[in-house]
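The file protein_2.txt comes next; it holds compact mmCIF, C-alpha atoms and all ligand atoms.
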# COMPACT_ATOMS: atom_id res chain seq x y z
CA MET A 1 -25.52 3.52 33.78
CA GLN A 2 -21.94 2.31 33.86
CA PHE A 3 -23.14 -1.24 33.33
CA THR A 4 -25.11 -0.09 30.29
CA LEU A 5 -22.11 1.69 28.79
CA ALA A 6 -19.94 -1.39 29.34
CA LEU A 7 -22.57 -3.54 27.68
CA VAL A 8 -22.85 -1.20 24.70
CA ALA A 9 -19.06 -1.12 24.41
CA ALA A 10 -18.94 -4.90 24.50
CA ILE A 11 -21.58 -5.17 21.79
CA PHE A 12 -19.69 -2.68 19.63
CA ALA A 13 -16.43 -4.52 20.19
CA SER A 14 -17.91 -7.83 19.14
CA ALA A 15 -19.58 -6.23 16.12
CA ILE A 16 -16.25 -4.77 15.02
CA SER A 17 -14.31 -7.99 15.47
CA ALA A 18 -17.02 -9.93 13.64
CA ALA A 19 -17.11 -7.57 10.66
CA PRO A 20 -14.08 -8.88 8.73
CA ALA A 21 -15.53 -12.39 8.74
CA LEU A 22 -18.48 -11.13 6.70
CA GLN A 23 -16.21 -10.38 3.77
CA ALA A 24 -14.80 -13.55 2.27
CA ARG A 25 -11.11 -13.39 1.49
CA ASP A 26 -11.62 -13.95 -2.21
CA THR A 27 -13.77 -10.82 -2.52
CA TYR A 28 -10.77 -8.51 -1.98
CA PRO A 29 -9.88 -6.79 -5.24
CA THR A 30 -6.48 -7.14 -6.84
CA VAL A 31 -4.64 -3.89 -7.43
CA LYS A 32 -1.67 -3.25 -9.68
CA ILE A 33 1.20 -1.03 -8.75
CA SER A 34 4.16 0.10 -10.83
CA LEU A 35 7.59 1.26 -9.75
CA TYR A 36 9.54 3.50 -12.10
CA ASN A 37 13.23 4.23 -12.13
CA ASP A 38 13.49 7.35 -14.26
CA GLN A 39 17.29 7.24 -14.20
CA SER A 40 17.64 3.74 -15.62
CA GLY A 41 14.39 3.91 -17.62
CA ARG A 42 13.26 0.69 -15.96
CA MET A 43 9.86 -0.06 -14.56
CA ALA A 44 7.91 -3.03 -13.24
CA THR A 45 4.28 -3.71 -12.41
CA VAL A 46 3.09 -6.19 -9.80
CA GLU A 47 -0.27 -7.29 -8.45
CA VAL A 48 -1.22 -7.27 -4.78
CA VAL A 49 -4.44 -8.28 -3.08
CA SER A 50 -6.07 -5.28 -1.42
CA ASP A 51 -6.55 -7.10 1.89
CA GLY A 52 -4.44 -4.97 4.25
CA HIS A 53 -1.56 -7.43 4.42
CA ALA A 54 2.04 -6.23 4.26
CA ASN A 55 4.08 -7.33 1.24
CA MET A 56 7.84 -6.80 1.31
CA LEU A 57 8.96 -4.93 -1.81
CA THR A 58 12.01 -7.21 -2.02
CA ASP A 59 9.59 -10.14 -2.47
CA LEU A 60 7.06 -8.35 -4.68
CA PHE A 61 9.60 -6.96 -7.13
CA LYS A 62 12.18 -9.76 -6.93
CA GLY A 63 13.62 -10.47 -10.37
CA THR A 64 11.84 -7.54 -12.05
CA PRO A 65 13.66 -4.75 -13.94
CA VAL A 66 13.68 -2.53 -10.80
CA ASP A 67 15.48 -5.26 -8.81
CA ASP A 68 19.13 -4.17 -8.78
CA ASN A 69 20.98 -7.19 -7.32
CA GLY A 70 18.34 -7.56 -4.62
CA ALA A 71 17.84 -3.85 -4.00
CA ILE A 72 14.54 -2.39 -5.18
CA LYS A 73 15.35 0.99 -6.67
CA ALA A 74 12.80 3.50 -7.92
CA THR A 75 12.09 7.18 -8.34
CA SER A 76 8.29 7.01 -8.33
CA ALA A 77 5.32 4.71 -7.93
CA GLN A 78 1.84 4.57 -9.37
CA LEU A 79 -1.34 2.65 -8.70
CA VAL A 80 -2.18 1.59 -12.24
CA LYS A 81 -5.20 -0.55 -11.36
CA SER A 82 -7.25 0.14 -8.25
CA THR A 83 -10.74 1.05 -7.11
CA GLN A 84 -12.03 4.40 -5.89
CA LYS A 85 -11.71 2.98 -2.35
CA THR A 86 -8.18 1.64 -2.60
CA ARG A 87 -5.69 3.03 -0.11
CA CYS A 88 -2.09 1.84 -0.32
CA PHE A 89 1.00 2.85 1.55
CA PHE A 90 4.66 2.00 1.54
CA GLN A 91 5.99 1.57 5.06
CA ASN A 92 9.49 1.36 6.50
CA TYR A 93 9.06 1.79 10.26
CA ASN A 94 7.84 5.38 10.70
CA ASP A 95 8.46 6.27 7.09
CA ILE A 96 5.05 6.12 5.39
CA ILE A 97 4.25 7.01 1.80
CA ASN A 98 0.51 7.14 1.12
CA MET A 99 -1.31 6.50 -2.12
CA SER A 100 -5.01 6.59 -2.92
CA GLY A 101 -6.82 5.13 -5.90
CA ALA A 102 -9.35 7.95 -5.87
CA ASP A 103 -7.19 11.04 -5.70
CA HIS A 104 -3.51 10.24 -5.19
CA PRO A 105 -2.42 7.37 -7.43
CA PHE A 106 1.07 8.71 -8.20
CA VAL A 107 3.88 9.36 -5.72
CA ASP A 108 7.32 10.77 -6.14
CA LEU A 109 9.44 8.56 -3.87
CA ASP A 110 12.40 10.86 -3.36
CA GLY A 111 10.18 13.71 -2.17
CA ASN A 112 11.53 16.09 -4.79
CA PRO A 113 9.25 16.27 -7.85
CA ALA A 114 11.78 18.43 -9.70
CA VAL A 115 14.57 15.84 -9.73
CA ALA A 116 14.53 12.07 -10.31
CA ILE A 117 16.58 10.80 -7.38
CA VAL A 118 16.72 7.02 -7.14
CA ARG A 119 15.53 5.73 -3.79
CA ASP A 120 16.37 2.31 -2.41
CA MET A 121 12.95 0.98 -1.40
CA SER A 122 14.22 -2.40 -0.19
CA GLY A 123 13.28 -1.79 3.46
CA PHE A 124 9.69 -0.92 2.62
CA ASN A 125 6.59 -3.06 2.56
CA LEU A 126 3.41 -2.28 0.68
CA GLN A 127 -0.04 -2.50 2.20
CA CYS A 128 -3.29 -1.97 0.31
CA SER A 129 -6.84 -2.05 1.59
CA GLU A 130 -10.29 -0.94 0.57
CA ARG A 131 -11.60 1.94 2.63
CA ALA A 132 -14.99 1.21 4.16
CA GLY A 133 -17.91 3.40 3.14
CA ALA A 134 -17.91 5.86 0.23
C1 LIG B 201 -1.14 8.62 5.55
O1 LIG B 201 -2.49 8.30 5.72
C2 LIG B 201 -2.85 8.12 7.08
C3 LIG B 201 -4.29 7.66 7.17
O2 LIG B 201 -4.92 7.55 5.97
C4 LIG B 201 -2.64 9.43 7.82
O3 LIG B 201 -2.95 9.26 9.18
C5 LIG B 201 -1.19 9.85 7.69
O4 LIG B 201 -1.02 11.12 8.26
C6 LIG B 201 -0.76 9.91 6.24
N1 LIG B 201 0.68 10.13 6.19
C7 LIG B 201 1.24 10.93 5.32
C8 LIG B 201 2.74 11.01 5.39
O5 LIG B 201 0.61 11.56 4.48
Rewrite the structure from the file as structure tokens, please.
Amino acid sequence: MQFTLALVAAIFASAISAAPALQARDTYPTVKISLYNDQSGRMATVEVVSDGHANMLTDLFKGTPVDDNGAIKATSAQLVKSTQKTRCFFQNYNDIINMSGADHPFVDLDGNPAVAIVRDMSGFNLQCSERAGA
């Protein structure tokens, strides 16, 4: 019985590790995300491939209107082009800000919807992926 369970586990493990290879890299959709700075009135939109890779915001938004001498400053973010399966999050160590194309495309970055407080997002990366299934 233990042998059987180990075998089943091994088959599952190989099926899981093989799965990503079935989806060619160029089939990942491109999503668009905007950062808004409601204090300066500036905003910028960038494209990222929804492939689960981390993109540093300092690279993504370099030279855009929300780049303040190398610091990426914003009050909110919005997925402006995504699919119903798109999940994105900003991550800076344990600080995670989730977004979802289906039901949560807009996030207030300062955590206070009543006030537009500018947040320095320079330490964050952005990761987007397409949720499997529905
Ligand atoms: C973000 O989403 C992940 C998984 O989708 C969840 O585990 C986590 O609790 C969420 N974090 C926040 C801050 O909502």
Using all atoms listed in the file, which residues of the polymer chains come no farther than 9 Å from ligand LIG 201 (chain B)? I'd like the answer as a CSV table (one decimal) with C-alpha atoms, in the frame of the given file.
chain,number,residue,atom,x,y,z
A,87,ARG,CA,-5.7,3.0,-0.1
A,88,CYS,CA,-2.1,1.8,-0.3
A,89,PHE,CA,1.0,2.8,1.6
A,95,ASP,CA,8.5,6.3,7.1
A,96,ILE,CA,5.0,6.1,5.4
A,97,ILE,CA,4.2,7.0,1.8
A,98,ASN,CA,0.5,7.1,1.1
A,99,MET,CA,-1.3,6.5,-2.1
A,100,SER,CA,-5.0,6.6,-2.9
Q. Between CA of Met56 (chain A) and CA of Phe124 (chain A), what is the spacing in Å?
A.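 Computing the Euclidean distance for CA of Phe124 (chain A) and CA of Met56 (chain A) yields 6.3 Å.
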Q: Quote the spacing between CA of Gln39 (chain A) and CA of Val118 (chain A) in Å to one decimal place.
A: 7.1 Å
Got a sec: who's within 8 Å of Lys81 (chain A), counting only C-alpha atoms, leaving out chain neighbours fewer than 5 positions off, as a CSV table (one decimal) with C-alpha atoms, keeping the file's coordinate frame?
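Dumped to selection-v9.csv:
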chain,number,residue,atom,x,y,z
A,31,VAL,CA,-4.6,-3.9,-7.4
A,32,LYS,CA,-1.7,-3.2,-9.7
A,33,ILE,CA,1.2,-1.0,-8.8
Which neighbours of Thr45 (chain A) fall inside 10 Å, counting only C-alpha atoms, when residues of the same chain fewer than 5 positions from it are skipped, and could you give them as a PDB file with C-alpha atoms, in the frame of the given file?
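As a result, result39.pdb now contains:
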ATOM      1  CA  LYS A  32      -1.670  -3.250  -9.680  1.00  0.00           C
ATOM      2  CA  ILE A  33       1.200  -1.030  -8.750  1.00  0.00           C
ATOM      3  CA  SER A  34       4.160   0.100 -10.830  1.00  0.00           C
ATOM      4  CA  LEU A  35       7.590   1.260  -9.750  1.00  0.00           C
ATOM      5  CA  TYR A  36       9.540   3.500 -12.100  1.00  0.00           C
ATOM      6  CA  LEU A  60       7.060  -8.350  -4.680  1.00  0.00           C
ATOM      7  CA  PHE A  61       9.600  -6.960  -7.130  1.00  0.00           C
ATOM      8  CA  THR A  64      11.840  -7.540 -12.050  1.00  0.00           C
ATOM      9  CA  PRO A  65      13.660  -4.750 -13.940  1.00  0.00           C
ATOM     10  CA  VAL A  66      13.680  -2.530 -10.800  1.00  0.00           C
ATOM     11  CA  ALA A  77       5.320   4.710  -7.930  1.00  0.00           C
ATOM     12  CA  GLN A  78       1.840   4.570  -9.370  1.00  0.00           C
ATOM     13  CA  LEU A  79      -1.340   2.650  -8.700  1.00  0.00           C
ATOM     14  CA  VAL A  80      -2.180   1.590 -12.240  1.00  0.00           C
TER      15      VAL A  80
END
Q: Using CA of Leu57 (chain A) and CA of Ala44 (chain A) as the two end points, give the distance in Å to one decimal.
A: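 We find that CA of Leu57 (chain A) and CA of Ala44 (chain A) lie 11.6 Å from each other.
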Using all atoms listed in the file, which protein or nucleic acid residues come within 8 Å of Cys128 (chain A)? Drop anything in the same chain fewer than 4 positions from it, and give the result as a PDB file with C-alpha atoms, in the frame of the given file.
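Everything below was put into around16.pdb:
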ATOM      1  CA  VAL A  48      -1.220  -7.270  -4.780  1.00  0.00           C
ATOM      2  CA  VAL A  49      -4.440  -8.280  -3.080  1.00  0.00           C
ATOM      3  CA  SER A  50      -6.070  -5.280  -1.420  1.00  0.00           C
ATOM      4  CA  ASP A  51      -6.550  -7.100   1.890  1.00  0.00           C
ATOM      5  CA  GLY A  52      -4.440  -4.970   4.250  1.00  0.00           C
ATOM      6  CA  HIS A  53      -1.560  -7.430   4.420  1.00  0.00           C
ATOM      7  CA  ALA A  54       2.040  -6.230   4.260  1.00  0.00           C
ATOM      8  CA  THR A  86      -8.180   1.640  -2.600  1.00  0.00           C
ATOM      9  CA  ARG A  87      -5.690   3.030  -0.110  1.00  0.00           C
ATOM     10  CA  CYS A  88      -2.090   1.840  -0.320  1.00  0.00           C
ATOM     11  CA  PHE A  89       1.000   2.850   1.550  1.00  0.00           C
TER      12      PHE A  89
END
